[in-house]
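Next comes coords-v7.cif, a file with mmCIF, C-alpha atoms and all ligand atoms.
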data_target
#
loop_
_atom_site.label_atom_id
_atom_site.label_comp_id
_atom_site.auth_asym_id
_atom_site.auth_seq_id
_atom_site.Cartn_x
_atom_site.Cartn_y
_atom_site.Cartn_z
CA MET H 18 -20.36 -42.19 41.70
CA SER H 19 -18.01 -43.03 38.83
CA GLN H 20 -15.69 -40.16 38.16
CA ASN H 21 -14.95 -41.26 34.60
CA PRO H 22 -13.46 -38.11 33.07
CA ALA H 23 -14.18 -39.53 29.63
CA LYS H 24 -17.61 -37.94 30.05
CA ILE H 25 -16.05 -34.47 29.86
CA GLN H 26 -17.17 -32.91 26.59
CA ILE H 27 -15.84 -29.43 25.70
CA ASP H 28 -17.99 -27.34 23.37
CA SER H 29 -15.13 -25.53 21.60
CA LYS H 30 -17.41 -24.04 18.95
CA ARG H 31 -19.64 -22.35 21.51
CA LEU H 32 -16.54 -21.20 23.40
CA SER H 33 -15.09 -19.62 20.24
CA VAL H 34 -18.34 -17.76 19.61
CA GLU H 35 -18.31 -16.50 23.20
CA LEU H 36 -14.68 -15.38 22.96
CA GLU H 37 -15.46 -13.48 19.75
CA HIS H 38 -18.50 -11.86 21.34
CA LEU H 39 -16.54 -10.89 24.45
CA ALA H 40 -14.03 -9.16 22.15
CA THR H 41 -16.78 -6.83 20.92
CA PHE H 42 -16.80 -5.14 24.34
CA SER H 43 -13.88 -2.93 23.42
CA ASP H 44 -12.80 0.68 22.90
CA ALA H 45 -10.61 -0.18 19.91
CA PRO H 46 -11.49 -1.21 16.35
CA ALA H 47 -11.40 -5.01 15.81
CA PRO H 48 -9.26 -7.09 15.86
CA ALA H 49 -7.64 -4.90 18.52
CA VAL H 50 -9.19 -4.95 21.98
CA THR H 51 -9.01 -2.18 24.57
CA ARG H 52 -10.92 -2.95 27.76
CA ILE H 53 -9.83 -0.81 30.66
CA LEU H 54 -11.02 -1.38 34.21
CA TRP H 55 -14.57 -0.13 34.92
CA THR H 56 -15.06 1.52 31.52
CA GLN H 57 -18.33 0.86 29.66
CA ALA H 58 -16.53 -1.82 27.67
CA ASP H 59 -15.39 -3.55 30.86
CA GLN H 60 -18.83 -3.30 32.42
CA GLY H 61 -20.44 -4.69 29.27
CA ALA H 62 -18.03 -7.61 29.33
CA ARG H 63 -18.74 -8.27 33.00
CA ALA H 64 -22.50 -8.22 32.36
CA TYR H 65 -22.07 -10.61 29.43
CA LEU H 66 -20.11 -13.01 31.62
CA LYS H 67 -22.76 -12.93 34.35
CA SER H 68 -25.43 -13.65 31.73
CA LEU H 69 -23.49 -16.76 30.66
CA SER H 70 -23.23 -17.81 34.29
CA ASP H 71 -26.97 -17.34 34.77
CA ALA H 72 -27.67 -19.32 31.57
CA ALA H 73 -25.58 -22.19 32.97
CA GLY H 74 -27.43 -22.07 36.28
CA PHE H 75 -24.36 -21.17 38.31
CA LYS H 76 -24.44 -18.75 41.24
CA TRP H 77 -22.20 -15.66 41.07
CA ARG H 78 -21.16 -12.99 43.58
CA GLU H 79 -18.87 -9.95 43.50
CA ASP H 80 -16.67 -8.36 46.14
CA ALA H 81 -16.27 -4.61 46.74
CA LEU H 82 -13.51 -4.35 44.14
CA GLY H 83 -15.51 -6.20 41.47
CA ASN H 84 -13.72 -9.55 41.71
CA THR H 85 -16.42 -11.91 40.45
CA PHE H 86 -16.90 -15.49 41.69
CA ILE H 87 -18.93 -18.03 39.66
CA ARG H 88 -19.63 -21.26 41.53
CA LEU H 89 -20.52 -24.86 40.74
CA GLU H 90 -21.53 -26.43 44.05
CA GLY H 91 -19.78 -29.64 45.11
CA THR H 92 -21.32 -32.51 47.09
CA ASP H 93 -19.48 -31.64 50.32
CA SER H 94 -19.98 -27.98 51.22
CA SER H 95 -17.81 -28.40 54.31
CA LEU H 96 -14.72 -28.63 52.06
CA SER H 97 -12.87 -25.63 50.62
CA ALA H 98 -13.45 -25.08 46.91
CA VAL H 99 -11.04 -25.58 44.03
CA ALA H 100 -10.69 -22.37 42.04
CA THR H 101 -9.73 -21.38 38.54
CA GLY H 102 -9.85 -18.00 36.82
CA SER H 103 -8.11 -15.15 35.05
CA HIS H 104 -8.95 -11.65 33.77
CA ILE H 105 -11.03 -9.92 31.10
CA ASP H 106 -9.42 -6.49 31.17
CA ALA H 107 -7.16 -5.77 28.20
CA ILE H 108 -4.45 -3.17 27.70
CA PRO H 109 -4.98 -0.66 24.86
CA PHE H 110 -4.84 -2.10 21.36
CA SER H 111 -4.16 -5.61 22.52
CA GLY H 112 -5.65 -9.01 21.70
CA ARG H 113 -8.78 -11.02 22.45
CA PHE H 114 -7.25 -14.12 24.09
CA ASP H 115 -5.05 -12.79 26.94
CA GLY H 116 -6.95 -13.60 30.12
CA THR H 117 -10.26 -14.34 28.41
CA VAL H 118 -9.22 -17.92 27.58
CA GLY H 119 -8.88 -18.54 31.30
CA VAL H 120 -12.21 -16.90 32.11
CA LEU H 121 -14.49 -18.21 29.36
CA GLY H 122 -12.45 -21.41 29.21
CA GLY H 123 -12.91 -21.76 32.96
CA LEU H 124 -16.66 -21.26 32.53
CA GLU H 125 -16.71 -23.92 29.81
CA ALA H 126 -14.80 -26.27 32.13
CA LEU H 127 -17.44 -25.78 34.84
CA ARG H 128 -20.23 -26.32 32.29
CA ALA H 129 -18.52 -29.49 31.02
CA VAL H 130 -18.26 -30.87 34.56
CA GLN H 131 -21.89 -29.97 35.23
CA ASN H 132 -23.09 -31.54 31.95
CA SER H 133 -21.01 -34.68 32.48
CA GLY H 134 -23.06 -35.62 35.52
CA LEU H 135 -19.79 -36.03 37.46
CA LYS H 136 -20.29 -34.57 40.93
CA PRO H 137 -17.13 -33.00 42.35
CA ARG H 138 -16.82 -33.30 46.13
CA ARG H 139 -15.35 -29.81 46.42
CA SER H 140 -17.16 -26.92 44.80
CA LEU H 141 -15.50 -25.43 41.71
CA GLU H 142 -15.21 -21.66 41.60
CA LEU H 143 -14.31 -19.47 38.62
CA ILE H 144 -12.77 -16.14 39.60
CA VAL H 145 -12.76 -13.13 37.28
CA PHE H 146 -10.08 -10.93 38.79
CA THR H 147 -10.35 -7.16 38.74
CA ALA H 148 -7.57 -5.26 36.96
CA GLU H 149 -4.94 -7.86 36.16
CA GLU H 150 -3.51 -5.23 33.81
CA PRO H 151 -1.78 -2.15 35.30
CA THR H 152 -3.31 0.19 32.71
CA ARG H 153 -5.72 2.27 34.77
CA PHE H 154 -4.06 2.58 38.19
CA GLY H 155 -0.45 1.76 37.32
CA VAL H 156 -0.31 -1.52 39.24
CA GLY H 157 -1.49 -4.88 37.89
CA CYS H 158 -3.33 -7.70 39.67
CA LEU H 159 -5.28 -5.33 41.95
CA GLY H 160 -7.96 -7.96 42.61
CA SER H 161 -5.64 -10.88 43.37
CA ARG H 162 -3.26 -8.64 45.35
CA ALA H 163 -6.19 -7.57 47.52
CA MET H 164 -7.47 -11.16 47.92
CA SER H 165 -4.01 -12.37 48.93
CA GLY H 166 -3.35 -9.49 51.32
CA ALA H 167 -0.54 -8.09 49.15
CA LEU H 168 -2.44 -4.81 48.92
CA ASP H 169 -4.51 -3.30 51.73
CA ALA H 170 -7.55 -1.02 51.58
CA ALA H 171 -5.54 2.12 52.39
CA LYS H 172 -3.11 1.51 49.53
CA LEU H 173 -5.96 0.67 47.13
CA GLU H 174 -7.75 3.90 48.09
CA SER H 175 -4.57 5.91 47.48
CA TYR H 176 -4.55 5.10 43.76
CA THR H 177 -5.69 7.63 41.20
CA ASP H 178 -5.81 7.08 37.45
CA GLY H 179 -4.27 9.20 34.66
CA ASP H 180 -7.25 11.58 34.81
CA GLY H 181 -6.88 12.04 38.56
CA VAL H 182 -9.92 9.87 39.35
CA ASN H 183 -9.51 8.13 42.70
CA LEU H 184 -9.99 4.36 42.77
CA ASN H 185 -12.92 4.63 45.18
CA ASP H 186 -14.73 7.12 42.95
CA ALA H 187 -14.06 4.98 39.89
CA ARG H 188 -15.40 1.82 41.52
CA ALA H 189 -18.45 3.66 42.90
CA ALA H 190 -19.19 4.96 39.38
CA ALA H 191 -19.04 1.35 38.19
CA GLY H 192 -21.52 0.34 40.88
CA TYR H 193 -19.18 -1.19 43.44
CA SER H 194 -19.49 -0.08 47.05
CA GLY H 195 -18.69 -1.50 50.45
CA SER H 196 -15.50 -1.61 52.45
CA LEU H 197 -12.29 -2.74 50.80
CA GLU H 198 -11.20 -4.09 54.19
CA GLY H 199 -12.87 -7.45 53.73
CA LEU H 200 -11.23 -8.49 50.48
CA VAL H 201 -8.47 -10.67 51.94
CA LEU H 202 -9.30 -14.38 51.70
CA PRO H 203 -8.98 -16.27 55.01
CA GLU H 204 -6.34 -18.99 55.33
CA GLY H 205 -7.50 -22.19 53.60
CA PHE H 206 -10.32 -20.46 51.72
CA TYR H 207 -9.37 -22.36 48.58
CA HIS H 208 -7.95 -25.88 48.32
CA ALA H 209 -6.05 -25.12 45.09
CA PHE H 210 -5.99 -22.66 42.20
CA VAL H 211 -5.34 -23.43 38.49
CA GLU H 212 -5.22 -20.79 35.76
CA LEU H 213 -5.51 -21.49 32.03
CA HIS H 214 -3.73 -18.87 29.89
CA ILE H 215 -2.17 -18.39 26.47
CA GLU H 216 1.62 -18.70 26.68
CA GLN H 217 2.27 -15.18 25.36
CA GLY H 218 5.58 -16.57 24.11
CA PRO H 219 6.71 -18.68 21.11
CA LEU H 220 7.94 -21.92 22.71
CA LEU H 221 4.86 -24.17 22.57
CA GLU H 222 4.06 -23.31 18.97
CA ALA H 223 7.70 -23.57 17.88
CA GLU H 224 8.06 -26.97 19.54
CA GLY H 225 4.68 -28.22 18.31
CA GLN H 226 3.47 -28.67 21.90
CA GLY H 227 -0.22 -28.33 22.78
CA ILE H 228 0.05 -27.90 26.55
CA GLY H 229 2.55 -26.15 28.82
CA LEU H 230 2.64 -26.55 32.60
CA VAL H 231 4.05 -23.53 34.39
CA THR H 232 6.57 -24.32 37.13
CA ALA H 233 7.32 -20.70 38.10
CA ILE H 234 6.07 -17.18 37.39
CA ALA H 235 8.49 -14.28 36.88
CA ALA H 236 8.81 -11.57 39.50
CA PRO H 237 7.84 -8.15 38.14
CA ALA H 238 9.19 -4.81 39.37
CA SER H 239 7.76 -1.57 37.95
CA LEU H 240 9.09 1.91 38.51
CA ILE H 241 8.39 5.43 37.31
CA LEU H 242 11.42 7.72 36.82
CA LYS H 243 10.57 11.47 36.78
CA LEU H 244 13.15 13.78 35.19
CA GLU H 245 13.13 17.60 35.52
CA GLY H 246 15.56 19.62 33.33
CA GLU H 247 15.70 22.90 31.46
CA GLY H 248 13.68 23.18 28.27
CA GLY H 249 13.11 26.02 25.87
CA HIS H 250 13.11 27.08 22.23
CA ALA H 251 14.56 24.41 19.91
CA GLY H 252 16.17 27.09 17.77
CA ALA H 253 17.17 29.82 20.16
CA MET H 254 18.36 27.75 23.14
CA LEU H 255 22.10 27.11 22.80
CA MET H 256 23.25 23.56 23.38
CA SER H 257 25.45 24.72 26.27
CA LEU H 258 22.39 26.03 28.13
CA ARG H 259 20.23 22.95 27.77
CA ARG H 260 19.38 20.29 30.34
CA ASP H 261 17.46 18.16 27.88
CA VAL H 262 15.56 15.41 29.75
CA LEU H 263 14.85 13.37 26.61
CA VAL H 264 18.55 12.96 25.84
CA ALA H 265 19.13 11.87 29.44
CA ALA H 266 16.22 9.44 29.13
CA ALA H 267 17.73 8.01 25.97
CA GLU H 268 20.89 7.15 27.90
CA ILE H 269 18.81 5.62 30.70
CA VAL H 270 16.78 3.47 28.28
CA LEU H 271 20.01 2.02 26.90
CA GLU H 272 21.14 1.29 30.48
CA VAL H 273 17.89 -0.60 31.14
CA GLU H 274 18.52 -2.77 28.09
CA ARG H 275 22.17 -3.27 29.08
CA ALA H 276 21.19 -4.39 32.61
CA ALA H 277 19.01 -7.16 31.17
CA LEU H 278 21.42 -8.20 28.40
CA PHE H 279 24.30 -8.59 30.86
CA ALA H 280 22.36 -10.09 33.79
CA GLY H 281 23.52 -13.53 32.70
CA SER H 282 20.20 -15.26 32.08
CA GLU H 283 17.55 -15.34 29.34
CA ASP H 284 15.01 -15.10 32.17
CA SER H 285 16.18 -11.51 32.78
CA VAL H 286 14.05 -9.03 30.87
CA ALA H 287 13.66 -5.25 31.11
CA THR H 288 11.50 -2.83 29.19
CA VAL H 289 10.85 0.89 29.03
CA GLY H 290 7.36 0.74 27.56
CA ARG H 291 6.05 4.14 28.55
CA ILE H 292 7.39 7.67 28.14
CA LEU H 293 5.58 10.93 28.88
CA ASN H 294 7.62 13.76 27.38
CA HIS H 295 6.77 17.40 28.14
CA PRO H 296 5.95 19.61 26.34
CA ASN H 297 6.41 17.10 23.46
CA ASN H 298 6.55 19.74 20.70
CA ILE H 299 8.86 19.36 17.74
CA ASN H 300 10.36 22.83 18.29
CA ALA H 301 10.71 22.76 22.08
CA VAL H 302 13.56 21.31 24.13
CA PRO H 303 11.97 18.76 26.50
CA SER H 304 11.88 20.05 30.07
CA SER H 305 10.27 17.20 32.05
CA LEU H 306 9.63 13.56 31.43
CA GLU H 307 8.37 10.29 32.94
CA LEU H 308 9.76 6.84 32.09
CA GLY H 309 7.90 3.62 32.99
CA LEU H 310 10.29 0.74 33.68
CA ASP H 311 9.27 -2.95 33.81
CA ILE H 312 12.07 -5.26 35.02
CA ARG H 313 11.51 -8.99 35.59
CA ASP H 314 13.24 -12.27 36.27
CA ILE H 315 12.42 -15.68 37.66
CA ASP H 316 15.18 -14.99 40.18
CA ALA H 317 14.26 -12.09 42.46
CA LEU H 318 17.87 -11.36 43.45
CA ARG H 319 18.96 -11.12 39.82
CA ARG H 320 15.93 -8.92 39.12
CA ASP H 321 16.84 -6.61 42.01
CA GLY H 322 20.41 -6.51 40.72
CA MET H 323 19.15 -5.21 37.38
CA VAL H 324 17.04 -2.59 39.14
CA ALA H 325 19.99 -1.45 41.27
CA GLN H 326 22.29 -1.25 38.25
CA THR H 327 19.69 0.75 36.30
CA LEU H 328 19.08 3.21 39.14
CA GLU H 329 22.81 3.71 39.72
CA ALA H 330 23.25 4.54 36.03
CA ALA H 331 20.19 6.81 36.03
CA HIS H 332 21.52 8.79 38.99
CA GLU H 333 24.97 9.12 37.34
CA ILE H 334 23.42 10.28 34.03
CA CYS H 335 21.13 12.81 35.70
CA THR H 336 23.88 14.17 37.96
CA ARG H 337 26.21 14.60 34.97
CA ARG H 338 23.47 16.33 32.99
CA LYS H 339 22.27 18.43 35.97
CA ILE H 340 18.80 16.92 35.78
CA ALA H 341 16.62 16.25 38.84
CA LEU H 342 15.61 12.58 39.15
CA GLU H 343 12.74 11.22 41.25
CA VAL H 344 12.24 7.43 41.51
CA GLY H 345 8.72 6.09 42.21
CA TRP H 346 8.11 2.39 42.88
CA LEU H 347 4.89 0.84 41.59
CA ASN H 348 5.59 -2.74 42.64
CA GLN H 349 8.44 -5.10 43.42
CA ASP H 350 7.01 -8.62 43.77
CA PRO H 351 8.65 -11.97 44.58
CA PRO H 352 8.34 -14.76 41.97
CA ALA H 353 5.98 -17.69 42.59
CA ARG H 354 6.60 -21.41 42.27
CA SER H 355 3.79 -23.79 41.27
CA SER H 356 2.75 -26.47 43.71
CA GLU H 357 4.03 -29.94 42.89
CA TRP H 358 0.76 -31.71 43.73
CA VAL H 359 -1.30 -29.31 41.67
CA LEU H 360 1.13 -29.84 38.78
CA ALA H 361 0.81 -33.61 39.35
CA ALA H 362 -2.97 -33.37 38.91
CA ALA H 363 -2.48 -31.48 35.64
CA ARG H 364 0.13 -33.99 34.45
CA ALA H 365 -2.28 -36.85 35.20
CA ALA H 366 -5.00 -35.04 33.21
CA CYS H 367 -2.58 -34.70 30.28
CA LEU H 368 -1.68 -38.38 30.53
CA GLU H 369 -5.37 -39.34 30.22
CA LEU H 370 -5.38 -37.55 26.86
CA GLY H 371 -2.02 -38.91 25.77
CA ILE H 372 -0.41 -35.48 26.04
CA SER H 373 3.09 -34.99 27.41
CA PRO H 374 3.08 -31.38 28.61
CA ARG H 375 6.04 -29.04 28.25
CA GLU H 376 7.16 -27.71 31.63
CA MET H 377 8.13 -24.05 31.47
CA VAL H 378 8.33 -20.75 33.31
CA SER H 379 5.95 -17.85 32.75
CA ARG H 380 7.74 -14.62 31.85
CA ALA H 381 4.44 -12.78 32.04
CA TYR H 382 2.89 -12.31 35.44
CA HIS H 383 -0.66 -13.43 36.16
CA ASP H 384 -3.14 -13.42 39.01
CA SER H 385 -1.68 -16.83 39.83
CA LEU H 386 1.41 -14.96 41.08
CA PHE H 387 -0.71 -13.74 44.00
CA MET H 388 -3.07 -16.70 44.30
CA ALA H 389 0.08 -18.68 45.12
CA ARG H 390 -0.03 -16.82 48.46
CA VAL H 391 -3.64 -17.97 49.05
CA CYS H 392 -3.33 -21.67 48.19
CA PRO H 393 -1.28 -24.18 46.13
CA MET H 394 -1.29 -22.98 42.52
CA ALA H 395 -0.34 -24.04 39.00
CA MET H 396 -0.92 -22.73 35.48
CA ILE H 397 -1.78 -24.42 32.19
CA PHE H 398 -0.53 -22.76 28.99
CA ILE H 399 -1.73 -23.20 25.43
CA PRO H 400 0.14 -22.07 22.31
CA CYS H 401 -0.51 -18.73 20.65
CA PHE H 402 0.43 -17.60 17.15
CA LYS H 403 4.18 -16.80 17.04
CA GLY H 404 3.91 -16.04 20.77
CA TYR H 405 2.28 -12.73 19.93
CA SER H 406 0.40 -11.07 22.80
CA HIS H 407 -0.53 -7.55 23.93
CA ARG H 408 -1.11 -6.83 20.23
CA PRO H 409 -4.17 -7.13 17.94
CA ASP H 410 -2.87 -10.18 16.03
CA GLU H 411 -2.75 -12.26 19.22
CA PHE H 412 -4.33 -15.60 18.30
CA SER H 413 -4.95 -19.09 19.70
CA ALA H 414 -6.58 -21.85 17.62
CA GLU H 415 -9.96 -23.25 18.63
CA ALA H 416 -8.52 -26.77 18.92
CA ASP H 417 -5.71 -25.59 21.23
CA ILE H 418 -8.17 -23.68 23.39
CA GLY H 419 -10.49 -26.71 23.54
CA CYS H 420 -7.62 -28.97 24.55
CA GLY H 421 -6.52 -26.54 27.25
CA VAL H 422 -10.05 -26.36 28.63
CA GLU H 423 -10.36 -30.13 28.71
CA ILE H 424 -7.09 -30.43 30.63
CA LEU H 425 -8.31 -27.70 32.97
CA ALA H 426 -11.67 -29.45 33.56
CA ARG H 427 -9.98 -32.79 34.26
CA THR H 428 -7.42 -31.16 36.55
CA LEU H 429 -10.11 -29.35 38.52
CA LEU H 430 -12.04 -32.62 38.92
CA LYS H 431 -8.94 -34.40 40.22
CA LEU H 432 -8.25 -31.62 42.71
CA ALA H 433 -11.92 -31.53 43.75
CA ASN H 434 -12.08 -35.25 44.52
O1 LIG S 501 2.40 -7.70 32.16
C1 LIG S 501 2.07 -8.88 32.32
O2 LIG S 501 2.87 -9.79 32.45
C2 LIG S 501 0.61 -9.22 32.32
O3 LIG S 501 0.23 -9.45 31.00
N1 LIG S 501 -0.18 -8.17 32.91
MN MN S 502 -1.72 -9.14 29.70
MN MN S 503 -3.02 -12.15 31.10
#
Kindly return the structure encoded in the file as structure tokens.
Ligand code: HGY
Ligand code: MN
Ligand code: MN
Amino acid sequence: MSQNPAKIQIDSKRLSVELEHLATFSDAPAPAVTRILWTQADQGARAYLKSLSDAAGFKWREDALGNTFIRLEGTDSSLSAVATGSHIDAIPFSGRFDGTVGVLGGLEALRAVQNSGLKPRRSLELIVFTAEEPTRFGVGCLGSRAMSGALDAAKLESYTDGDGVNLNDARAAAGYSGSLEGLVLPEGFYHAFVELHIEQGPLLEAEGQGIGLVTAIAAPASLILKLEGEGGHAGAMLMSLRRDVLVAAAEIVLEVERAALFAGSEDSVATVGRILNHPNNINAVPSSLELGLDIRDIDALRRDGMVAQTLEAAHEICTRRKIALEVGWLNQDPPARSSEWVLAAARAACLELGISPREMVSRAYHDSLFMARVCPMAMIFIPCFKGYSHRPDEFSAEADIGCGVEILARTLLKLAN
């Protein structure tokens, strides 16, 4: 059977309509999107996706955590499948392209292969990962961590959300039951994994490039610092009597920035994106506080050096200010490198379309970070407007999305044959 990829036709118009419709499953006013794990909005989006799978005649299944697998059967069922996929959950007040381009784009790639009449030897499987974002339970990539064995059932069941709802109760309320023990994928379950995603950075657009190929994914570490001091009346409490946790936190935040600025590489980044200040009243001296730290680097040692420097400074600041400090780790993951032969398949697909892809690192993490522990992995990036992401004005052009999907479809076909 000729495997002439020229028969691959991407319906970018239909894909754009589907992306816009998916964005309507949201708890934020458009163009912002908020779609938190297992909320009504998330469940509506999942149902919509399954309806598109049914309409295309694909089979889908879900695991006990809600990871969803949409499958186009290959000609040789004895061979392990080639997978693609991403996420549809969205952090509060974010955009409509982060993750969804890899999910609906992956579905369009499977439809294009199906409609082309080309029969891949290996089945193609689209994975919609549960909770790539850390919003609800504090840790991201729950689905791909579980599938790769980076997170076991006991740890999953220990998570509770900001309202004190346990993960098991939350998933049961969303209709997911069954043991979380069986989530880990057996060795060799997939032949390869390729994820299509917006770059979430400015390089491709600034350089006028249409396609990026990711060679490595940054290693994220997330921590929660809890500070306990002495609060009181903003007017009556003398400065000498205060142990003001917000002032201590201000010093710590500057130390986080300093650790990244002086780490010696532009790949070193550190953010304090979350602060819970108590009692958070204009006329009360803050008495307790939580800081959420996100520290990343392509180089795990350099990343750990930033963390160590930050924690040393935090302990010094809190000791000096007589404030109790408790450090809680959320995750500390190694970086991932893309597989050379999966990248080679993507390069060959680009060559067929006369595209010379821009090789680059991903400063954002993705489910690919954990799928790299399951099978050889690579990522395909497309440009997004000014690199904006995790904000309502996140945007990728229909033509860029269509091109990314065509490269994905051709890459999957190469890996499947
Ligand atoms: O934070 C990240 O890198 C991803 O968008 N969850
Ligand atoms: Mn994201
Ligand atoms: Mn994402």
Query raised in the report: Looking at H:Glu37, H:Asp384, H:Glu90, H:Glu204, which one is nearest to ligand MN 502 (chain S), with distances taken over only C-alpha atoms and all ligand atoms?
Result: H:Asp384
Shell around Leu360 (chain H) at 8 Å using all atoms listed in the file, local window under 3 positions removed, as a CSV table (one decimal) with C-alpha atoms, in the coordinates of the input:
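Result went into selection08.csv, see below:
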chain,number,residue,atom,x,y,z
H,230,LEU,CA,2.6,-26.6,32.6
H,232,THR,CA,6.6,-24.3,37.1
H,355,SER,CA,3.8,-23.8,41.3
H,356,SER,CA,2.8,-26.5,43.7
H,357,GLU,CA,4.0,-29.9,42.9
H,363,ALA,CA,-2.5,-31.5,35.6
H,364,ARG,CA,0.1,-34.0,34.4
H,395,ALA,CA,-0.3,-24.0,39.0
Within 9 Å of ligand MN 502 (chain S), counting all atoms listed in the file, which protein or nucleic acid residues do you find, written as a JSON list (two decimals) with C-alpha atoms, in the frame of the given file?
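Final file, part.json:
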[["chain", "number", "residue", "atom", "x", "y", "z"],
["H", 104, "HIS", "CA", -8.95, -11.65, 33.77],
["H", 106, "ASP", "CA", -9.42, -6.49, 31.17],
["H", 107, "ALA", "CA", -7.16, -5.77, 28.20],
["H", 108, "ILE", "CA", -4.45, -3.17, 27.70],
["H", 111, "SER", "CA", -4.16, -5.61, 22.52],
["H", 112, "GLY", "CA", -5.65, -9.01, 21.70],
["H", 115, "ASP", "CA", -5.05, -12.79, 26.94],
["H", 116, "GLY", "CA", -6.95, -13.60, 30.12],
["H", 149, "GLU", "CA", -4.94, -7.86, 36.16],
["H", 150, "GLU", "CA", -3.51, -5.23, 33.81],
["H", 151, "PRO", "CA", -1.78, -2.15, 35.30],
["H", 217, "GLN", "CA", 2.27, -15.18, 25.36],
["H", 381, "ALA", "CA", 4.44, -12.78, 32.04],
["H", 382, "TYR", "CA", 2.89, -12.31, 35.44],
["H", 383, "HIS", "CA", -0.66, -13.43, 36.16],
["H", 406, "SER", "CA", 0.40, -11.07, 22.80],
["H", 407, "HIS", "CA", -0.53, -7.55, 23.93]]
**Report entry** Length of the CA of Thr177 (chain H) to CA of Ala301 (chain H) vector [Å]
**Finding:**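 Straight-line distance from CA of Thr177 (chain H) to CA of Ala301 (chain H) works out to 29.4 Å.
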Query - Exercise: Gly252 (chain H) partners within 12 Å, all atoms listed in the file, chain neighbours under 3 positions left out, as a ChimeraX atom specification - result: /H:248-249,255-256,259,299-302
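One distance worth recording is that between CA of Glu79 (chain H) and CA of Leu197 (chain H), which is 12.2 Å.
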Requested in this report: Find the residues near Val391 (chain H): any atom within 7 Å, counting all atoms listed in the file, skip ones fewer than 2 places away on the same chain, and give them as a ChimeraX atom specification.
Outcome: /H:165,204,388-389
Query raised in the report: Counting all atoms listed in the file, what is within 7 Å of region 419-426 of chain H, bar same-chain residues fewer than 5 positions away, as a ChimeraX atom specification?
Result: /H:27,29,122-123,126-127,130,213,228,363,366-367,399
